[in-house]
Amino acid sequence: MADDVRELLLSTTADADPSTPLSAPDLRLLIDHLRHRSDRLHASALSFASSNREPLASALLRAASSAASSASLQSSLQSALSPLSSSPDLSDLRSLSDRLVAARRELRERQEHLAAASSVASLSARLRAARASANPLDAAAAAAELKPLLVNPEGSGSGGDEPVVFGLLRGEWEQLVDELQVGLSKNVEECVEFASDGGKVVVRAGPSGSSSGTPGVALRVALQALEIIDSLDYGMAKVADLMVKHVFLPAISNISVTVSVEVLEKSGSTYPASVLSIVPSEELQGYKDGSVLYSRIIDVIKFACKFICVENITWTQSFAKLTWSRISDLVITHFLSKAVPDEASKLIEFQDVIRSTAEFENTLRGMIFILPDRKDGKLTQFVDDVEVHFAVRKRNEILVKARYILVQYDYKNPLCLLLQASDDHGDSVVDLLFQPEKCFISKSALQLMKLVHGALKDACLSSARVAKEFCYAARDALLLYKAIVPVQLEKQLNSISPVAAIIHNDFYHLSQEILGLAFEYRADFPSGQQKLVVFVDLAPIFSQMADGILRRQIQLATANLSEAIDGADGFQNTHQSQHCESAKFSIEQVVFILEKIHIMWESVLPRSIYRRSMFHVLGPVFSRITKDMLLIDDMAAEETLQLQGLIHLALENLSSLFLSLVENDDDEKFLDHHTWVQLDESIPSLKKFRKLAELLDMSLKSITAAWESGELANCGFTSSEMRNFIKAIFADSPLRKECLGWIAATPA
């Protein structure tokens with residue numbers, strides 16, 4: 001309205017400033033306009049009311065009715081609240097409200113209890129009806145219907161907030177199911193009878209008599225009821241087990257048998273029966289490709305599917321699940337494993353077995369006896385891997401032969417072996433692969449290497465998978481020697497014996513042979529194995545074993561020689577008979593031990609190893625004896641002669657040993673100057689030992705001259721040793737002092 005007045009004001013004073021006060025004429029004009037506008041609106045309202053008289057009247061009546069109702073409700077509310085308005089507190093109202101809520105809660109709980117009681121009563125009645133039912137199908141159906149109501153699908157047992165009565169009902173249900181399982185499974189077993197001696201089974205459509213005294217039901221009904229309660233595997237388990245033991249086993253393990261099936265019609269009150277018999281056959285039927293065997297198994301399976309499983313697919317699959325794995329194992333054990341060829345050249349003949357086996361499993365898949373997704377193709381998987389089975393068998397045979405060779409070989413009489421090597425039986429004397437020498441090895445090592453070479457030759461003629469197994473067999477055979485022989489001959493290896501020398505040679509020879517295997521065979525291996533098969537890593541192991549055995553023998557020899565030298569008591573007082581005999585016995589013991597080692601090692605060890613080993617043994621011996629003699633602080637004239645005699649005794653008795661250590665092309669060997677030069681170069685302590693024998697018989701001036709010339713220093717003598725030696729032999733004199741001064745002043 002304010003906006004309309006403002007518009008009228010502006011229209012009347014269009015040319016004037018809006019902020020200018022209105023004059024009297026303008027105000028009168030404005031009033032006239034407003035009155036005219038009001039008359040026009042009034043006329044419009046009257047016109048609208050006259051044209052909409054009835055709707056307006058109805059709306060007014062409803063408004064009047066609503067007002068009356070509101071007044072009535074206000075009056076009722078005031079009447080209801082009038083007692084409260086007169087009460088001083090609200091405690092009675094609160095108490096009344098609490099009682100009302102409690103009453104409603106109690107009513108709801110009683111309704112729930114009544115519903116639960118009704119459910120329990122219903123379940124209990126259904127359980128009683130199922131238990132009392134004479135028809136196992138009805139009982140099984142009732143048990144199946146009650147299962148989701150009583151058993152938690154996520155697991156057995158009751159929940160924490162579950163009434164106890166439901167647990168009791170569940171127990172009754174489980175007892176009902178157990179009774180059905182036991183009764184129906186016995187019913188099935190009574191329908192299938194097996195001969196006590198095996199090879200025969202009689203299947204009746206119903207039991208001939210019930211062991212419990214109650215009449216049984218037909219086989220089909222029993223299996224159907226077991227299927228309803230999810231206990232089909234339980235009900236058929238014993239029948240399946242007995243079928244494998246009494247029917248499948250004799251049908252598979254025996255070659256000359258046939259399958260006979262006879263159907264007996266119903267007679268009187270008895271059920272019709274079917275009889276399967278495994279009967280001997282006069283004709284010897286070899287398995288060859290296995291088709292005869294597989295046909296026999298199929299006949300038995302068809303009999304079971306038709307008369308035991310009543311041609312029901314579900315029951316057939318349950319029977320198959322319980323029997324097929326064991327049937328496959330029997331076929332593999334009694335046929336396929338025996339049909340694996342013994343030679344690689346015969347693998348092509350195994351293709352017929354592969355073909356017939358594949359056809360056999362395809363037939364069973366067509367019968368829906370095994371799954372079509374080939375997960376149950378245990379037999380075809382076996383025959384497809386025939387190369388692996390062949391290789392594994394050959395590998396096991398190689399390892400068995402290798403173990404037999406190593407365990408049965410007799411090392412107790414090695415001297416006989418040495419005689420064989422020197423006579424006509426020189427097959428144990430072999431050429432070393434990377435050295436121009438020969439060595440004597442045991443027959444076990446010789447046979448082992450023949451076995452290894454045979455395996456690798458077969459690997460070169462085989463496929464990649466078979467070659468891999470042959471190569472592994474060769475490696476394992478070599479490792480068997482390392483694992484068995486050192487343990488078996490531990491006692492001999494811990495003493496000086498020819499056996500230890502032979503075992504050293506075995507390891508040494510095998511290490512060189514192993515290095516040559518790659519060069520000899522790698523180019524002929526299948527392409528997939530040329531880089532995978534490795535033998536060179538074994539060579540250092542065998543070489544270290546050989547070095548360890550020889551090092552141990554040298555240590556034992558050195559220890560025995562040192563103990564023998566200890567018996568001379570430092571070679572003191574040899575001018576006395578008792579001490580002289582002790583020193584002489586000690587030298588004889590040393591000579592005996594060295595000659596024993598000489599005899600054992602020279603005939604066995606390769607010459608270079610023999611010479612090197614003897615040098616290691618002789619060096620400490622001569623060094624020790626020389627040192628002990630030079631430590632004597634006082635020597636009588638007779639004592640020097642005794643010591644000189646002991647040195648000559650040792651050198652003379654070791655002449656054959658010395659000759660075995662030098663290179664001499666003459667047929668007649670003897671210790672000449674050239675021989676001693678070779679020995680002195682190889683054994684420096686021997687040169688010093690021999691020179692000591694000369695010093696014991698030389699004059700003081702001669703000794704001094706030899707020192708000044710450097711001869712004694714070249715033999716290994718030191719200035720202090722020579723001064724002590726002169727003091728021990730020669731008495732104190734001006735000449736001795738002069739000679740000692742010359743020796744001290746003259747450098748070595």
# chains A, B, ... in the order shown; residues from 1 in each chain; ligands from 1
>>> residues_around(residues="range 228-245 of chain A", least_positions_apart="5", cutoff="7 Å", atoms="only C-alpha atoms", output="ChimeraX atom specification")
/A:140-141,143-144,181,184-185,189,223,318-319,322-323
>>> residues_around(residues="range 246-248 of chain A", least_positions_apart="3", cutoff="7 Å", atoms="only C-alpha atoms", output="PyMOL selection string")
chain A and resi 198-200+242-243+251-252
>>> write_last_selection(atoms="all heavy atoms", output="PDB file, in the first residue's frame")
ATOM      1  N   GLY A 198      37.265-113.788  -1.822  1.00  0.00           N
ATOM      2  CA  GLY A 198      37.430-112.736  -2.815  1.00  0.00           C
ATOM      3  C   GLY A 198      37.083-113.203  -4.208  1.00  0.00           C
ATOM      4  O   GLY A 198      36.884-114.388  -4.487  1.00  0.00           O
ATOM      5  N   GLY A 199      36.993-112.227  -5.111  1.00  0.00           N
ATOM      6  CA  GLY A 199      36.740-112.531  -6.505  1.00  0.00           C
ATOM      7  C   GLY A 199      35.284-112.693  -6.863  1.00  0.00           C
ATOM      8  O   GLY A 199      34.966-113.038  -8.009  1.00  0.00           O
ATOM      9  N   LYS A 200      34.362-112.446  -5.935  1.00  0.00           N
ATOM     10  CA  LYS A 200      32.943-112.619  -6.238  1.00  0.00           C
ATOM     11  C   LYS A 200      32.126-111.659  -5.394  1.00  0.00           C
ATOM     12  O   LYS A 200      32.403-111.471  -4.208  1.00  0.00           O
ATOM     13  CB  LYS A 200      32.519-114.059  -5.962  1.00  0.00           C
ATOM     14  CG  LYS A 200      31.052-114.348  -6.296  1.00  0.00           C
ATOM     15  CD  LYS A 200      30.719-115.804  -6.042  1.00  0.00           C
ATOM     16  CE  LYS A 200      29.265-116.109  -6.374  1.00  0.00           C
ATOM     17  NZ  LYS A 200      28.914-117.522  -6.115  1.00  0.00           N
ATOM     18  N   LEU A 242      35.237-102.757   0.256  1.00  0.00           N
ATOM     19  CA  LEU A 242      35.226-104.202  -0.015  1.00  0.00           C
ATOM     20  C   LEU A 242      35.271-104.481  -1.520  1.00  0.00           C
ATOM     21  O   LEU A 242      35.851-105.497  -1.945  1.00  0.00           O
ATOM     22  CB  LEU A 242      33.985-104.836   0.613  1.00  0.00           C
ATOM     23  CG  LEU A 242      33.940-104.815   2.150  1.00  0.00           C
ATOM     24  CD1 LEU A 242      32.627-105.384   2.662  1.00  0.00           C
ATOM     25  CD2 LEU A 242      35.114-105.587   2.733  1.00  0.00           C
ATOM     26  N   MET A 243      34.680-103.624  -2.330  1.00  0.00           N
ATOM     27  CA  MET A 243      34.768-103.797  -3.779  1.00  0.00           C
ATOM     28  C   MET A 243      36.224-103.698  -4.246  1.00  0.00           C
ATOM     29  O   MET A 243      36.669-104.470  -5.109  1.00  0.00           O
ATOM     30  CB  MET A 243      33.921-102.739  -4.487  1.00  0.00           C
ATOM     31  CG  MET A 243      32.442-103.066  -4.571  1.00  0.00           C
ATOM     32  SD  MET A 243      32.083-104.467  -5.673  1.00  0.00           S
ATOM     33  CE  MET A 243      32.534-103.790  -7.259  1.00  0.00           C
ATOM     34  N   ALA A 251      41.090-108.495  -9.913  1.00  0.00           N
ATOM     35  CA  ALA A 251      40.903-108.245 -11.338  1.00  0.00           C
ATOM     36  C   ALA A 251      42.098-107.536 -11.954  1.00  0.00           C
ATOM     37  O   ALA A 251      42.387-107.706 -13.146  1.00  0.00           O
ATOM     38  CB  ALA A 251      39.639-107.422 -11.564  1.00  0.00           C
ATOM     39  N   ILE A 252      42.824-106.755 -11.156  1.00  0.00           N
ATOM     40  CA  ILE A 252      43.962-105.985 -11.676  1.00  0.00           C
ATOM     41  C   ILE A 252      45.280-106.722 -11.481  1.00  0.00           C
ATOM     42  O   ILE A 252      46.147-106.723 -12.363  1.00  0.00           O
ATOM     43  CB  ILE A 252      44.011-104.592 -10.995  1.00  0.00           C
ATOM     44  CG1 ILE A 252      42.762-103.785 -11.372  1.00  0.00           C
ATOM     45  CG2 ILE A 252      45.270-103.840 -11.378  1.00  0.00           C
ATOM     46  CD1 ILE A 252      42.622-102.481 -10.612  1.00  0.00           C
TER      47      ILE A 252
END
>>> closest_residue(among="A:Ala320, A:Ile502, A:Val485, A:Ala459", to="Arg365 in chain A", atoms="only C-alpha atoms")
A:Ala320
>>> select_by_dssp(residues="range 317-409 of chain A", states="alpha helix (DSSP H)", output="PyMOL selection string")
chain A and resi 317-331+337-339+351-366+378-384+386-408
>>> select_by_dssp(residues="range 330-459 of chain A", states="strand (DSSP E)", output="list of chain:residue names")
A:Val429, A:Val430, A:Asp431, A:Lys438, A:Cys439, A:Phe440
>>> atom_distance(atom1="CA of Arg612 in chain A", atom2="CA of Pro498 in chain A")
17.1 Å
>>> atom_distance(atom1="CA of Asn254 in chain A", atom2="CA of Val292 in chain A")
11.7 Å
>>> residues_around(residues="range 630-638 of chain A", least_positions_apart="5", cutoff="7 Å", atoms="only C-alpha atoms", output="list in words")
Gln572, His575, Glu721, Phe725, Ala728 and Ile729 of chain A
>>> residues_around(residues="Leu661 in chain A", least_positions_apart="4", cutoff="10 Å", atoms="only C-alpha atoms", output="count of residues only")
15
>>> closest_residue(among="A:Leu735, A:Val617, A:Val353, A:Ala474", to="Val383 in chain A", atoms="only C-alpha atoms")
A:Val353
>>> residues_around(residues="Lys401 in chain A", least_positions_apart="5", cutoff="10 Å", atoms="only C-alpha atoms", output="ChimeraX atom specification")
/A:395-396,406-407,447-448,451,477
>>> write_last_selection(atoms="N, CA, C and O atoms", output="short mmCIF file (atom, residue, chain, number, x, y, z; two decimals), in the first residue's frame")
data_model
loop_
_atom_site.label_atom_id
_atom_site.label_comp_id
_atom_site.auth_asym_id
_atom_site.auth_seq_id
_atom_site.Cartn_x
_atom_site.Cartn_y
_atom_site.Cartn_z
N ARG A 395 67.92 -94.01 -12.44
CA ARG A 395 68.73 -93.30 -11.44
C ARG A 395 68.83 -94.12 -10.16
O ARG A 395 69.92 -94.25 -9.59
N ASN A 396 67.70 -94.66 -9.73
CA ASN A 396 67.73 -95.49 -8.53
C ASN A 396 68.58 -96.74 -8.73
O ASN A 396 69.32 -97.16 -7.82
N LEU A 406 80.49 -99.91 -3.46
CA LEU A 406 81.28 -99.27 -2.41
C LEU A 406 81.21 -100.03 -1.09
O LEU A 406 82.20 -100.11 -0.36
N VAL A 407 80.04 -100.56 -0.78
CA VAL A 407 79.87 -101.23 0.51
C VAL A 407 80.48 -102.63 0.49
O VAL A 407 81.08 -103.08 1.48
N GLN A 447 85.18 -99.41 -10.92
CA GLN A 447 83.82 -99.78 -11.28
C GLN A 447 82.87 -98.60 -11.17
O GLN A 447 81.93 -98.46 -11.97
N LEU A 448 83.11 -97.74 -10.18
CA LEU A 448 82.25 -96.56 -10.01
C LEU A 448 82.36 -95.65 -11.23
O LEU A 448 81.35 -95.14 -11.73
N LEU A 451 80.50 -96.99 -14.10
CA LEU A 451 79.07 -96.73 -13.92
C LEU A 451 78.72 -95.30 -14.29
O LEU A 451 77.70 -95.03 -14.94
N ALA A 477 76.23 -90.69 -7.60
CA ALA A 477 77.09 -91.86 -7.46
C ALA A 477 78.48 -91.45 -7.00
O ALA A 477 79.09 -92.10 -6.14
#
>>> residues_around(residues="Leu379 in chain A", least_positions_apart="2", cutoff="12 Å", atoms="only C-alpha atoms", output="JSON, numbers by chain")
{"A": [290, 294, 324, 325, 326, 327, 328, 329, 330, 331, 332, 333, 335, 336, 337, 353, 354, 355, 356, 357, 358, 359, 360, 361, 362, 364, 370, 374, 375, 376, 377, 381, 382, 383, 384, 385, 386]}
>>> closest_residue(among="A:Ile484, A:Ala731, A:Ala218, A:Leu60", to="Ala205 in chain A", atoms="only C-alpha atoms")
A:Ala218
>>> atom_distance(atom1="CA of His389 in chain A", atom2="CA of Val533 in chain A")
19.7 Å
